[in-house]
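Heads up, the thing below is written out as structure tokens.
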Amino acid sequence: MTSFSRDPLRTNANARRPRVIAHRGGTGLGPENTLFAYERAIATGCDYVEIDVRATADGQLILMHDSTVDRTTDGHGQVGALSYEAIRRLDAGSHDAADCAALRVPSLGEALSLCRDRIGIYLDHKSGAVDDILAEIDHHQMRKHIIVYLNNLDDALEWRQRAPEIPLMISLPDAYTRLGGIADLLDRLRPAILDGGALDWSRELVEEAHAHDLAVYVDNLGVADSPNGWQHSLDIGVGGIQTDSPNQLLAWLQAQQGR
């Protein structure tokens with residue numbers, strides 16, 4: 001078991017390395033958004049797992065990125081039109097590897113139980129009532145181990161009202177991706193962390209965020225999920241890197257520290 005401590009706001013100025021975030025559990029480690037992948041992310045030494053929360057037709061909270069079950073299971077249909085039991089009968093692993101055929105789509109509660117006191121949760125709120133998600137978080141006593149990502153300001157404002165102590169992360173809207181834009185954003189909302197594609201951020205923009213006491217976590221996905229992309233994120237001073245290949249990123253970061 002890896003040691004765990006939560007400090008989502010640290011940056012390169014006061015950290016030995018950026019936080020490593022396993023995207024959907026680290027798709028290079030196992031089928032995405034499964035307990036199998038989360039367990040591997042913990043064993044690998046990641047700081048956070050990113051999970052995608054959606055509500056089923058009967059209001060249960062499950063983990064799935066897409067609005068349909070088609071891509072990551074052997075089933076078909078909209079998550080919001082299927083019951084929890086119907087989704088739980090689906091195969092969520094054999095498309096990835098034959099030895100993962102017994103994997104099921106996990107509930108939010110199962111993920112929280114697995115990760116509690118072992119790794120931080122980066123919760124991407126796709127659908128479901130805020131109060132229902134908070135009830136699960138509180139049942140597992142996880143408010144201190146979670147950051148919540150929202151992709152629009154209105155949803156972020158609702159979370160701020162319901163749970164002001166939980167750190168919020170938002171992608172910097174295009175209208176604010178300019179010098180001086182972050183200060184304008186703060187007139188509407190004060191998140192704890194700003195997010196976005198790694199290549200969309202510059203050192204100057206990261207420094208502006210830090211000047212406003214905001215952390216910056218970036219998505220090193222796709223072509224940016226490589227040593228060149230990781231180096232860019234290090235060079236601009238981000239506090240967290242989200243990756244599909246956390247084992248490779250961690251090995252690379254360790255090599256950089258040894259230089």
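Residues in the structure tokens are named by chain (A, B, ... in the order shown) and by number from 1 within that chain; ligands are numbered from 1 in the order shown.
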Dump as JSON lines the rows for residues of segment 158-177 of chain A within 12 Å of segment 207-216 of chain A: closest atom pair and distance in Å with one decimal, only C-alpha atoms counted, ordered by chain and rising residue number.
```
{"residue": "A:Pro167", "atom": "CA", "partner": "A:Ala215", "partner_atom": "CA", "distance": 10.5}
{"residue": "A:Leu168", "atom": "CA", "partner": "A:Leu214", "partner_atom": "CA", "distance": 10.5}
{"residue": "A:Met169", "atom": "CA", "partner": "A:Val216", "partner_atom": "CA", "distance": 8.9}
{"residue": "A:Ile170", "atom": "CA", "partner": "A:Val216", "partner_atom": "CA", "distance": 9.8}
{"residue": "A:Ser171", "atom": "CA", "partner": "A:Val216", "partner_atom": "CA", "distance": 9.6}
{"residue": "A:Leu172", "atom": "CA", "partner": "A:Val216", "partner_atom": "CA", "distance": 9.8}
{"residue": "A:Tyr176", "atom": "CA", "partner": "A:Ala209", "partner_atom": "CA", "distance": 11.4}
{"residue": "A:Thr177", "atom": "CA", "partner": "A:Ala209", "partner_atom": "CA", "distance": 10.9}
```
Requested write-out: N, CA and C atoms of the selected residues, as a PDB file, in the first residue's frame:
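Okay, part-v5.pdb is ready:
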```
ATOM      1  N   PRO A 167     -12.297  21.266  -2.493  1.00  0.00           N
ATOM      2  CA  PRO A 167     -11.630  22.011  -3.562  1.00  0.00           C
ATOM      3  C   PRO A 167     -12.270  21.738  -4.920  1.00  0.00           C
ATOM      4  N   LEU A 168     -12.506  22.796  -5.675  1.00  0.00           N
ATOM      5  CA  LEU A 168     -13.075  22.679  -7.008  1.00  0.00           C
ATOM      6  C   LEU A 168     -12.005  22.927  -8.057  1.00  0.00           C
ATOM      7  N   MET A 169     -12.143  22.200  -9.146  1.00  0.00           N
ATOM      8  CA  MET A 169     -11.262  22.380 -10.300  1.00  0.00           C
ATOM      9  C   MET A 169     -12.126  22.660 -11.523  1.00  0.00           C
ATOM     10  N   ILE A 170     -11.736  23.634 -12.315  1.00  0.00           N
ATOM     11  CA  ILE A 170     -12.421  23.884 -13.577  1.00  0.00           C
ATOM     12  C   ILE A 170     -11.375  24.089 -14.663  1.00  0.00           C
ATOM     13  N   SER A 171     -11.746  23.754 -15.885  1.00  0.00           N
ATOM     14  CA  SER A 171     -10.900  24.106 -17.021  1.00  0.00           C
ATOM     15  C   SER A 171     -11.025  25.606 -17.254  1.00  0.00           C
ATOM     16  N   LEU A 172      -9.909  26.234 -17.505  1.00  0.00           N
ATOM     17  CA  LEU A 172      -9.936  27.680 -17.754  1.00  0.00           C
ATOM     18  C   LEU A 172     -10.702  27.938 -19.049  1.00  0.00           C
ATOM     19  N   TYR A 176     -11.067  33.276 -20.871  1.00  0.00           N
ATOM     20  CA  TYR A 176     -10.170  33.733 -19.817  1.00  0.00           C
ATOM     21  C   TYR A 176      -8.721  33.281 -20.034  1.00  0.00           C
ATOM     22  N   THR A 177      -8.453  32.593 -21.153  1.00  0.00           N
ATOM     23  CA  THR A 177      -7.106  32.084 -21.425  1.00  0.00           C
ATOM     24  C   THR A 177      -6.267  33.201 -22.040  1.00  0.00           C
TER      25      THR A 177
END
```
Next item on the list: Name the residues in contact with Ser67 of chain A at a cut-off of 9 Å, using only C-alpha atoms, excluding same-chain residues fewer than 4 positions from it; report them as number ranges by chain.
Entry: A: 54, 77-80, 126
Next item on the list: Determine the nearest neighbour of Arg19 of chain A from the options A:Ala37, A:Ala92, A:Val49, A:Leu179, counting only C-alpha atoms.
Entry: A:Val49
Item checked: Shell of 12 Å around Ser94 of chain A, only C-alpha atoms, local chain residues under 2 positions omitted, as a ChimeraX atom specification -> /A:30-32,34,71-74,90-92,96-104
Given the selection you just returned, output its residues as a file containing C-alpha atoms, formatted as a PDB file, in the first residue's frame.
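Dumped everything to result_26.pdb:
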```
ATOM      1  CA  GLY A  30      -6.322  -1.521 -16.941  1.00  0.00           C
ATOM      2  CA  PRO A  31      -9.859  -1.048 -18.253  1.00  0.00           C
ATOM      3  CA  GLU A  32     -10.893   2.517 -17.590  1.00  0.00           C
ATOM      4  CA  THR A  34     -12.790  -0.033 -13.036  1.00  0.00           C
ATOM      5  CA  ARG A  71     -17.595   1.772 -25.877  1.00  0.00           C
ATOM      6  CA  THR A  72     -16.430   0.285 -22.581  1.00  0.00           C
ATOM      7  CA  THR A  73     -18.832  -2.647 -22.062  1.00  0.00           C
ATOM      8  CA  ASP A  74     -20.597  -5.364 -24.046  1.00  0.00           C
ATOM      9  CA  LEU A  90     -22.426  -5.875 -18.255  1.00  0.00           C
ATOM     10  CA  ASP A  91     -18.868  -6.988 -18.967  1.00  0.00           C
ATOM     11  CA  ALA A  92     -16.611  -3.967 -18.416  1.00  0.00           C
ATOM     12  CA  ASP A  96      -9.333  -4.667 -22.749  1.00  0.00           C
ATOM     13  CA  ALA A  97      -7.905  -8.059 -21.788  1.00  0.00           C
ATOM     14  CA  ALA A  98      -9.205 -11.613 -21.545  1.00  0.00           C
ATOM     15  CA  ASP A  99      -8.282 -11.872 -17.857  1.00  0.00           C
ATOM     16  CA  CYS A 100     -10.462  -8.820 -17.106  1.00  0.00           C
ATOM     17  CA  ALA A 101     -13.708 -10.397 -18.319  1.00  0.00           C
ATOM     18  CA  ALA A 102     -15.193 -10.582 -14.824  1.00  0.00           C
ATOM     19  CA  LEU A 103     -14.939  -6.819 -14.228  1.00  0.00           C
ATOM     20  CA  ARG A 104     -18.128  -4.866 -13.616  1.00  0.00           C
TER      21      ARG A 104
END
```
Note to self: Using only C-alpha atoms for the distances, tell me which of A:Ala129, A:Ala111, A:Ala86, A:Leu134 is nearest to Gly59 of chain A.
What the structure shows: A:Ala129
Please, which residues in segment 140-234 of chain A fall within 12 Å of segment 244-251 of chain A when counting only C-alpha atoms, and what is the closest atom pair and distance in Å to one decimal for each, ordered by chain then residue number, as a tab-separated table?
```
residue	atom	partner	partner_atom	distance
A:Asp219	CA	A:Asp244	CA	9.5
A:Asn220	CA	A:Asp244	CA	8.1
A:Leu221	CA	A:Asp244	CA	6.7
A:Gly222	CA	A:Asp244	CA	8.5
A:Val223	CA	A:Asp244	CA	11.2
A:Ala224	CA	A:Asp244	CA	10.5
A:Asp225	CA	A:Asp244	CA	7.3
A:Ser226	CA	A:Leu249	CA	8.1
A:Pro227	CA	A:Leu249	CA	7.9
A:Asn228	CA	A:Leu249	CA	11.2
A:Gly229	CA	A:Leu249	CA	10.5
A:Trp230	CA	A:Leu249	CA	7.7
A:Gln231	CA	A:Leu249	CA	10.4
A:Ser233	CA	A:Leu249	CA	11.7
A:Leu234	CA	A:Leu249	CA	11.6
```
Margin query: Using DSSP secondary structure from the backbone, list all alpha helix (DSSP H) positions within segment 113-230 of chain A, as a PyMOL selection string.
Written below: chain A and resi 113-115+130-139+153-162+181-185+203-211+227-230
Next item on the list: Return as a PyMOL selection string the full set of residues in segment 153-193 of chain A whose backbone-based DSSP assignment is strand (DSSP E).
Entry: chain A and resi 168-171+193
Margin query: Please list as a ChimeraX atom specification every residue within 12 Å of Ser127 of chain A, counting only C-alpha atoms and excluding residues in the same chain fewer than 2 positions away.
Written below: /A:52-57,59-67,79-80,123-125,129-133,149-151,155
May I have the residues within 7 Å of segment 43-47 of chain A as a PDB file with C-alpha atoms, in the first residue's frame, using only C-alpha atoms and disregarding those fewer than 6 positions away in the same chain?
```pdb
ATOM      1  CA  MET A   1       0.000   0.000   0.000  1.00  0.00           C
ATOM      2  CA  THR A   2       1.313   3.453  -0.872  1.00  0.00           C
ATOM      3  CA  ARG A  19       0.904  15.291  -8.486  1.00  0.00           C
ATOM      4  CA  VAL A  20       0.422  12.300 -10.792  1.00  0.00           C
ATOM      5  CA  ILE A  21      -3.244  11.715 -11.711  1.00  0.00           C
ATOM      6  CA  ALA A  22      -4.300   8.421 -13.288  1.00  0.00           C
ATOM      7  CA  ILE A 119      -5.166   7.646  -2.845  1.00  0.00           C
ATOM      8  CA  GLY A 120      -6.883  10.930  -3.640  1.00  0.00           C
ATOM      9  CA  PRO A 246       1.069   6.959 -14.856  1.00  0.00           C
ATOM     10  CA  ASN A 247       3.629   4.177 -14.460  1.00  0.00           C
TER      11      ASN A 247
END
```
Next item on the list: Could you tell me how far atom CA of Ile42 of chain A lies from atom CA of Glu85 of chain A, in Å and to one decimal?
Entry: 27.7 Å
